[in-house]
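This is run33.txt. It holds compact mmCIF, C-alpha atoms.
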```txt
# COMPACT_ATOMS: atom_id res chain seq x y z
CA MET P 7 -21.72 24.09 -14.63
CA GLN P 8 -22.06 23.31 -10.93
CA MET P 9 -19.74 21.36 -8.62
CA ILE P 10 -21.47 18.86 -6.33
CA SER P 11 -20.22 16.24 -3.88
CA PHE P 12 -22.14 13.19 -2.66
CA ASP P 13 -21.33 11.15 0.42
CA VAL P 14 -22.83 7.81 1.51
CA VAL P 15 -24.06 7.75 5.10
CA SER P 16 -22.14 5.12 7.11
CA LEU P 17 -21.27 3.01 4.08
CA PHE P 18 -19.58 -0.01 5.68
CA THR P 19 -22.36 -0.83 8.14
CA ASN P 20 -25.07 -0.27 5.49
CA VAL P 21 -23.73 -2.43 2.64
CA PRO P 22 -26.41 -5.09 1.87
CA THR P 23 -24.53 -8.26 2.76
CA THR P 24 -26.42 -10.74 0.58
CA GLU P 25 -26.33 -8.51 -2.51
CA ALA P 26 -22.65 -7.66 -2.00
CA LEU P 27 -21.69 -11.34 -1.78
CA SER P 28 -23.69 -12.06 -4.94
CA ILE P 29 -21.80 -9.31 -6.78
CA VAL P 30 -18.45 -10.69 -5.58
CA ARG P 31 -19.40 -14.19 -6.78
CA THR P 32 -20.32 -12.83 -10.22
CA ARG P 33 -17.03 -10.94 -10.43
CA LEU P 34 -15.01 -14.02 -9.48
CA LYS P 35 -16.78 -16.30 -11.98
CA SER P 36 -16.27 -13.80 -14.81
CA ASP P 37 -12.57 -13.31 -14.01
CA ASP P 38 -10.61 -15.43 -16.51
CA THR P 39 -7.32 -14.67 -14.75
CA LEU P 40 -8.42 -16.02 -11.34
CA PRO P 41 -6.93 -19.52 -11.91
CA GLU P 42 -3.54 -17.87 -12.49
CA ARG P 43 -3.61 -16.40 -8.97
CA THR P 44 -5.18 -19.18 -6.91
CA THR P 45 -6.15 -22.84 -7.18
CA ILE P 46 -9.06 -22.43 -4.74
CA PRO P 47 -12.42 -22.92 -6.52
CA THR P 48 -14.83 -19.98 -6.57
CA ASP P 49 -17.43 -21.87 -4.50
CA ASP P 50 -14.87 -22.48 -1.75
CA ILE P 51 -13.77 -18.83 -1.79
CA MET P 52 -17.39 -17.72 -1.46
CA GLU P 53 -18.04 -20.19 1.35
CA LEU P 54 -15.12 -18.80 3.32
CA LEU P 55 -16.07 -15.21 2.49
CA THR P 56 -19.71 -15.74 3.49
CA PHE P 57 -18.67 -17.28 6.80
CA TYR P 58 -16.29 -14.39 7.45
CA VAL P 59 -18.71 -11.52 6.81
CA THR P 60 -21.78 -13.13 8.43
CA SER P 61 -20.19 -14.31 11.69
CA THR P 62 -19.10 -10.98 13.18
CA ALA P 63 -19.68 -10.99 16.94
CA PHE P 64 -18.61 -8.56 19.63
CA GLN P 65 -19.00 -8.00 23.35
CA LEU P 66 -20.13 -4.87 25.16
CA GLY P 67 -20.27 -5.17 28.90
CA ASP P 68 -21.92 -8.47 29.81
CA ASP P 69 -23.81 -8.75 26.51
CA TYR P 70 -22.78 -10.39 23.22
CA TYR P 71 -24.04 -9.17 19.84
CA GLN P 72 -23.95 -10.48 16.28
CA GLN P 73 -23.84 -8.10 13.32
CA THR P 74 -26.57 -9.20 10.92
CA GLU P 75 -26.13 -6.58 8.15
CA GLY P 76 -23.32 -4.54 6.71
CA MET P 77 -19.57 -4.96 6.87
CA ALA P 78 -17.69 -4.93 10.17
CA MET P 79 -15.78 -1.75 11.00
CA GLY P 80 -12.05 -2.45 11.21
CA SER P 81 -12.14 -5.64 9.17
CA PRO P 82 -9.53 -5.74 6.37
CA LEU P 83 -12.14 -7.21 3.99
CA SER P 84 -14.75 -4.50 4.57
CA PRO P 85 -13.17 -1.80 2.34
CA VAL P 86 -12.67 -4.32 -0.50
CA ILE P 87 -16.25 -5.60 -0.47
CA ALA P 88 -17.69 -2.10 -0.01
CA TYR P 89 -15.67 -0.81 -2.95
CA ILE P 90 -16.82 -3.67 -5.21
CA TYR P 91 -20.41 -3.07 -4.15
CA MET P 92 -20.19 0.68 -4.86
CA GLU P 93 -18.77 -0.01 -8.34
CA ASN P 94 -21.88 -2.03 -9.12
CA PHE P 95 -24.15 0.55 -7.47
CA GLU P 96 -22.79 3.49 -9.47
CA GLU P 97 -23.13 1.56 -12.75
CA LEU P 98 -26.79 0.95 -11.94
CA ALA P 99 -27.35 4.54 -10.80
CA LEU P 100 -25.84 6.15 -13.90
CA GLN P 101 -27.47 3.77 -16.34
CA THR P 102 -30.97 4.38 -14.95
CA ALA P 103 -30.72 8.14 -14.29
CA PRO P 104 -32.87 10.33 -16.58
CA LEU P 105 -30.22 13.08 -16.45
CA LYS P 106 -26.58 12.19 -15.89
CA PRO P 107 -23.72 14.36 -14.58
CA SER P 108 -21.02 15.28 -17.09
CA LEU P 109 -18.37 14.07 -14.62
CA TRP P 110 -18.62 11.42 -11.89
CA LEU P 111 -15.48 10.69 -9.85
CA ARG P 112 -15.76 8.44 -6.81
CA TYR P 113 -13.38 7.47 -4.02
CA VAL P 114 -15.03 4.67 -1.97
CA ASP P 115 -18.14 6.54 -0.69
CA ASP P 116 -17.24 10.14 -1.66
CA THR P 117 -18.16 11.35 -5.15
CA PHE P 118 -17.23 14.53 -7.03
CA VAL P 119 -19.77 15.54 -9.69
CA LEU P 120 -20.06 18.21 -12.37
CA TRP P 121 -23.68 19.06 -13.21
CA ASP P 122 -24.18 21.07 -16.40
CA HIS P 123 -27.97 20.72 -16.84
CA ARG P 124 -30.38 23.60 -16.38
CA GLU P 125 -32.60 21.36 -14.28
CA ASP P 126 -32.05 21.18 -10.52
CA ILE P 127 -29.91 18.29 -9.28
CA THR P 128 -32.27 17.38 -6.41
CA PRO P 129 -34.18 14.78 -8.51
CA PHE P 130 -30.84 13.09 -9.24
CA LEU P 131 -30.16 12.88 -5.49
CA ASP P 132 -33.64 11.43 -4.98
CA HIS P 133 -32.86 8.89 -7.71
CA LEU P 134 -29.67 7.77 -5.92
CA ASN P 135 -31.48 7.41 -2.60
CA SER P 136 -34.32 5.40 -4.16
CA LEU P 137 -32.18 2.54 -5.47
CA ARG P 138 -31.35 0.85 -2.14
CA LEU P 139 -32.99 1.61 1.18
CA SER P 140 -29.75 1.26 3.18
CA ILE P 141 -27.57 3.31 0.79
CA GLN P 142 -28.44 6.96 1.35
CA PHE P 143 -26.45 9.94 0.07
CA THR P 144 -25.96 13.42 1.44
CA MET P 145 -25.16 16.29 -0.93
CA GLU P 146 -22.98 19.39 -0.73
CA THR P 147 -22.96 22.11 -3.38
CA GLU P 148 -20.31 24.67 -4.25
CA VAL P 149 -20.19 28.02 -2.44
CA ASP P 150 -18.51 31.00 -4.12
CA ASN P 151 -17.20 28.67 -6.84
CA LYS P 152 -15.44 26.53 -4.20
CA LEU P 153 -16.12 22.98 -3.05
CA PRO P 154 -14.13 20.80 -0.60
CA PHE P 155 -13.71 17.18 -1.67
CA LEU P 156 -11.84 14.93 0.77
CA ASP P 157 -8.77 17.05 1.64
CA VAL P 158 -8.79 18.98 -1.65
CA GLN P 159 -10.27 22.46 -2.06
CA VAL P 160 -11.50 22.74 -5.66
CA GLU P 161 -11.98 26.28 -6.98
CA LYS P 162 -13.70 26.89 -10.30
CA SER P 163 -13.01 29.72 -12.72
CA GLU P 164 -13.97 30.38 -16.33
CA GLU P 165 -10.59 29.08 -17.55
CA ALA P 166 -9.83 26.09 -15.31
CA PHE P 167 -10.08 24.39 -11.92
CA ARG P 168 -7.61 25.26 -9.17
CA THR P 169 -6.78 22.86 -6.34
CA SER P 170 -5.30 23.46 -2.91
CA VAL P 171 -5.22 21.72 0.48
CA TYR P 172 -8.52 21.82 2.37
CA ARG P 173 -8.79 21.91 6.16
CA LYS P 174 -12.01 21.64 8.10
CA PRO P 175 -13.01 24.67 10.21
CA THR P 176 -12.31 22.57 13.31
CA ALA P 177 -8.68 21.87 12.28
CA THR P 178 -6.20 22.99 14.95
CA ASP P 179 -2.94 22.19 13.12
CA ARG P 180 -1.82 20.30 16.21
CA TYR P 181 0.39 17.34 15.38
CA LEU P 182 2.75 15.13 17.36
CA ASN P 183 4.89 17.45 19.47
CA PHE P 184 8.60 17.22 18.80
CA LYS P 185 9.31 16.54 22.49
CA SER P 186 6.99 13.53 22.50
CA HIS P 187 8.60 10.18 23.30
CA HIS P 188 8.56 8.83 19.74
CA PRO P 189 11.33 7.83 17.31
CA ASP P 190 12.66 10.60 15.06
CA THR P 191 11.59 8.51 12.05
CA VAL P 192 7.96 8.98 13.10
CA LYS P 193 8.37 12.76 13.34
CA LYS P 194 10.19 12.94 10.01
CA GLY P 195 7.41 10.84 8.51
CA ILE P 196 4.77 13.35 9.63
CA VAL P 197 6.67 16.22 8.01
CA ARG P 198 7.30 14.22 4.83
CA CYS P 199 3.65 13.14 4.60
CA LEU P 200 2.22 16.65 4.86
CA GLN P 201 4.79 18.14 2.49
CA THR P 202 4.14 15.39 -0.07
CA ARG P 203 0.40 15.99 0.27
CA ALA P 204 0.93 19.69 -0.49
CA THR P 205 3.02 18.83 -3.56
CA ASN P 206 0.44 16.38 -4.90
CA ILE P 207 -2.68 18.46 -4.23
CA CYS P 208 -1.67 22.05 -4.96
CA GLY P 209 -2.29 22.69 -8.64
CA ASP P 210 0.01 25.69 -9.06
CA GLU P 211 3.16 27.13 -7.50
CA ALA P 212 1.31 29.92 -5.68
CA ALA P 213 -0.91 27.45 -3.81
CA LYS P 214 2.05 25.17 -3.07
CA LYS P 215 4.16 28.06 -1.74
CA MET P 216 1.31 29.20 0.52
CA GLU P 217 0.77 25.67 1.86
CA MET P 218 4.49 25.10 2.50
CA SER P 219 4.67 28.41 4.39
CA ARG P 220 1.73 27.35 6.55
CA LEU P 221 3.34 23.97 7.25
CA THR P 222 6.58 25.66 8.32
CA SER P 223 4.70 27.83 10.82
CA THR P 224 2.66 24.84 11.99
CA PHE P 225 5.68 22.66 12.70
CA ARG P 226 7.46 25.47 14.51
CA ARG P 227 4.47 25.81 16.83
CA ASN P 228 4.73 22.06 17.45
CA GLY P 229 8.39 22.40 18.42
CA TYR P 230 10.06 21.05 15.28
CA PRO P 231 13.55 22.36 14.37
CA THR P 232 14.23 23.79 10.92
CA SER P 233 16.34 20.75 9.95
CA PHE P 234 13.24 18.51 10.10
CA MET P 235 11.36 20.72 7.64
CA LYS P 236 13.94 20.63 4.84
CA HIS P 237 12.54 17.60 3.07
CA LYS P 238 12.81 17.04 -0.65
CA PRO P 239 10.83 14.07 -2.00
CA LYS P 240 12.98 11.58 -3.89
CA GLU P 241 12.14 10.64 -7.43
CA ALA P 242 11.15 7.03 -7.92
CA SER P 243 14.28 6.45 -10.03
CA GLN P 244 16.49 7.82 -7.22
CA GLN P 245 15.21 5.44 -4.57
CA GLN P 246 17.59 2.58 -3.91
CA PRO P 247 16.05 -0.91 -3.84
CA ARG P 248 16.25 -2.55 -0.42
CA ASN P 249 16.87 -6.17 0.38
CA LYS P 250 13.86 -7.94 1.82
CA PRO P 251 14.42 -8.34 5.60
CA ILE P 252 14.73 -11.88 6.88
CA THR P 253 12.33 -11.07 9.72
CA THR P 254 10.72 -8.21 11.65
CA VAL P 255 10.90 -7.58 15.39
CA SER P 256 8.57 -5.29 17.35
CA LEU P 257 10.01 -3.61 20.44
CA PRO P 258 8.81 -1.04 22.97
CA TYR P 259 10.39 2.32 22.25
CA ASN P 260 13.03 3.64 24.65
CA ARG P 261 14.91 6.72 23.48
CA GLY P 262 18.62 6.10 22.91
CA LEU P 263 18.49 2.34 23.50
CA SER P 264 16.00 1.58 20.71
CA GLU P 265 18.07 3.41 18.08
CA LYS P 266 21.11 1.30 18.99
CA LEU P 267 19.09 -1.91 18.78
CA ARG P 268 17.79 -0.88 15.33
CA ARG P 269 21.34 -0.32 14.04
CA ILE P 270 22.48 -3.69 15.39
CA CYS P 271 19.48 -5.50 13.88
CA GLY P 272 20.05 -3.69 10.59
CA THR P 273 23.50 -5.22 10.25
CA TYR P 274 21.81 -8.64 10.24
CA ASN P 275 19.06 -7.53 7.81
CA ILE P 276 16.41 -7.59 10.54
CA ARG P 277 13.66 -4.97 10.29
CA THR P 278 12.88 -3.23 13.57
CA VAL P 279 9.61 -1.46 14.39
CA PHE P 280 8.75 0.26 17.64
CA ARG P 281 5.45 0.27 19.49
CA SER P 282 4.00 2.24 22.36
CA THR P 283 3.09 0.31 25.50
CA THR P 284 0.51 2.89 26.58
CA THR P 285 -2.03 4.01 23.98
CA LEU P 286 -5.32 5.88 24.03
CA ARG P 287 -7.08 2.71 22.94
CA LYS P 288 -5.78 0.78 25.94
CA SER P 289 -6.65 3.65 28.27
CA LEU P 290 -10.15 4.41 26.99
CA THR P 291 -11.51 1.20 25.45
CA LYS P 292 -13.00 -1.04 28.11
CA VAL P 293 -15.67 -3.17 26.47
CA ILE P 294 -15.19 -6.22 28.71
CA PRO P 295 -16.58 -5.80 32.25
CA LEU P 296 -14.13 -5.92 35.11
CA THR P 297 -14.21 -9.19 37.05
CA THR P 298 -14.93 -8.88 40.77
CA LYS P 299 -12.49 -10.36 43.25
CA GLU P 300 -15.00 -13.09 44.12
CA GLN P 301 -15.18 -14.21 40.46
CA THR P 302 -11.45 -14.17 39.73
CA LYS P 303 -10.06 -17.53 38.58
CA ASN P 304 -6.60 -19.07 38.14
CA CYS P 305 -4.87 -16.95 40.74
CA ILE P 306 -3.23 -17.21 44.19
CA TYR P 307 -5.32 -15.84 47.04
CA ASP P 308 -3.68 -13.61 49.67
CA ILE P 309 -5.64 -13.73 52.95
CA PRO P 310 -4.31 -11.29 55.54
CA CYS P 311 -4.15 -12.28 59.19
CA SER P 312 -4.67 -10.06 62.23
CA CYS P 313 -1.08 -10.83 63.27
CA GLY P 314 0.19 -8.98 60.25
CA ARG P 315 1.11 -12.03 58.20
CA SER P 316 -0.74 -13.78 55.35
```
Step by step, read the file and then write its structure as structure tokens.
Amino acid sequence: MQMISFDVVSLFTNVPTTEALSIVRTRLKSDDTLPERTTIPTDDIMELLTFYVTSTAFQLGDDYYQQTEGMAMGSPLSPVIAYIYMENFEELALQTAPLKPSLWLRYVDDTFVLWDHREDITPFLDHLNSLRLSIQFTMETEVDNKLPFLDVQVEKSEEAFRTSVYRKPTATDRYLNFKSHHPDTVKKGIVRCLQTRATNICGDEAAKKMEMSRLTSTFRRNGYPTSFMKHKPKEASQQQPRNKPITTVSLPYNRGLSEKLRRICGTYNIRTVFRSTTTLRKSLTKVIPLTTKEQTKNCIYDIPCSCGRS
């Protein structure tokens, strides 16, 4: 038995738009529970959906472009449509394959496969890549009975499979530094997220202990005190239900002041979230060309005079 992983090359931008919309329409018409969730007719839903996915336009410099195929990156609908399309694609692929894998597990565009045939798996890869010109798969095979799949390292033995956390060779274990100007809730969330990931992925206590030890060393190098690393995930039954906030306010973060504002808002059942005013996106993303002074509109001109006044 051999472990294999398949990955679709640039899935979102390569989803065949017309075929994907046809699959969505078929799914909606065959869903008997749809009238219980919405009164909008299927034809109207599809008209809105078609307009949404076929009218993507963007600007780069002085030029405007329209995306004619695939789903737009960053659109909230793109993952949903891509996932529906891949469900249909894998049904077709497995039904028409001469030899099928004994296990096929897919997460969006990443697939974990167990191949227990004596024949080579390359013809199966060729079969996948022959179904649709735009949907092309890459393949990775196990090495020394180990195969990374997403952030899970799967290790095979004669008795069972063993799972642990996988890190790419380029991983630096550098996370948000504790001295960074961010709320403590953000820093606690990073610790909680990575510890919960270790608990969910590691298949035995030895792997979990090793991962927790690595996380402790990692957070110390990033300046975190020991108190931030003593997190114990709450059971679902232990979590207290919260009242739905009456509204949410978004404020720039200012250490000391923001925490006080959150406590005050909390007494009135107002949810408070903090945002950064300076981000990498604002600093690096400049798709719209800068307007020259001669082309600037809706402003007040300041013309200096040789006397020193304006």
### Message
Env of P:Leu137: 12 Å cut, atoms = all atoms listed in the file, seq-sep filter 6 positions within chain, self excluded. Answer as a ChimeraX atom specification.
### Response
/P:94-103,130-131,143
### Straight-line distance linking atom CA of P:Ala212 with atom CA of P:Val171, stated in Å to one decimal
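These two atoms are separated by 12.2 Å.
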### Query
Hey, which of P:Gln72, P:Thr60, P:Asn249, P:Ser108 ends up closest to P:Ile10? Count only C-alpha atoms.
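When distances to P:Ile10 are compared using only C-alpha atoms, the smallest one comes from P:Ser108.
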#### Entry: Atomic separation - atom CA of P:Lys193 relative to atom CA of P:Leu263, Å
17.7 Å
### Query
Hey, can you check how far atom CA of P:Ile207 sits from atom CA of P:Val158?
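Atom-to-atom, atom CA of P:Ile207 to atom CA of P:Val158, that is 6.7 Å.
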### Query
Smallest atom-to-atom distance to P:His188: which of P:Tyr172, P:Tyr113, P:Phe280, P:Tyr274, using only C-alpha atoms?
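Looking at the shortest contact to P:His188, the residue is P:Phe280.
Residue nearest P:Arg124, chosen from P:Asn20, P:Lys35, P:Met7, P:Ile51 and counting all atoms listed in the file: P:Met7.
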#### Entry: Minimum-distance residue to P:Thr128, chosen among P:Thr144, P:Asn206, P:Val114, P:Lys236 (using all atoms listed in the file)
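Checking each of P:Thr144, P:Asn206, P:Val114, P:Lys236 against P:Thr128, counting all atoms listed in the file, the winner is P:Thr144.
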### Task
Between P:Lys194, P:Thr224, P:Phe155, P:Ala166, single out the one closest to P:Asp179, counting only C-alpha atoms.
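Distance minimum relative to P:Asp179 lands on P:Thr224.
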### Query
If you count all atoms listed in the file, which residues fall within 8 Å of P:Leu17, apart from same-chain ones fewer than 6 positions away, as a VMD selection string?
chain P and resid 88 115 141
### Task
Choose the residue, out of P:Tyr259, P:Tyr71, P:Tyr91, P:Phe57, that has the smallest atom-to-atom separation from P:Val279; count all atoms listed in the file.
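Of P:Tyr259, P:Tyr71, P:Tyr91, P:Phe57, the one nearest P:Val279 is P:Tyr259, counting all atoms listed in the file.
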### Task
Tell me, as a list in words, which residues lie within 10 Å of P:Ser61, counting all atoms listed in the file; anything in the same chain fewer than 2 positions away does not count.
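Once the nearby chain positions are removed, what remains is Thr56, Phe57, Tyr58, Val59, Ala63, Phe64, Gln72, Gln73, Thr74 and Ala78 of chain P.
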### Query
Got a sec: who's within 12 Å of P:Arg277, counting all atoms listed in the file, leaving out chain neighbours fewer than 4 positions off, as an MDAnalysis selection string?
chainID P and resid 248:257 267:273
### Task
Using all atoms listed in the file, determine which residues lie at most 9 Å from P:Met218, disregarding the query and same-chain residues fewer than 3 positions distant; provide the list as JSON, numbers by chain.
{"P": [201, 204, 205, 213, 214, 215, 221, 222, 223]}
Return as lines of an AutoDock Vina configuration file the box centre and box size in Å, one decimal, for an axis-aligned box around all listed atoms of stretch 151-157 of chain P padded by 3 Å per side.
```
center_x = -13.0
center_y = 21.8
center_z = -2.6
size_x = 14.4
size_y = 19.7
size_z = 14.5
```
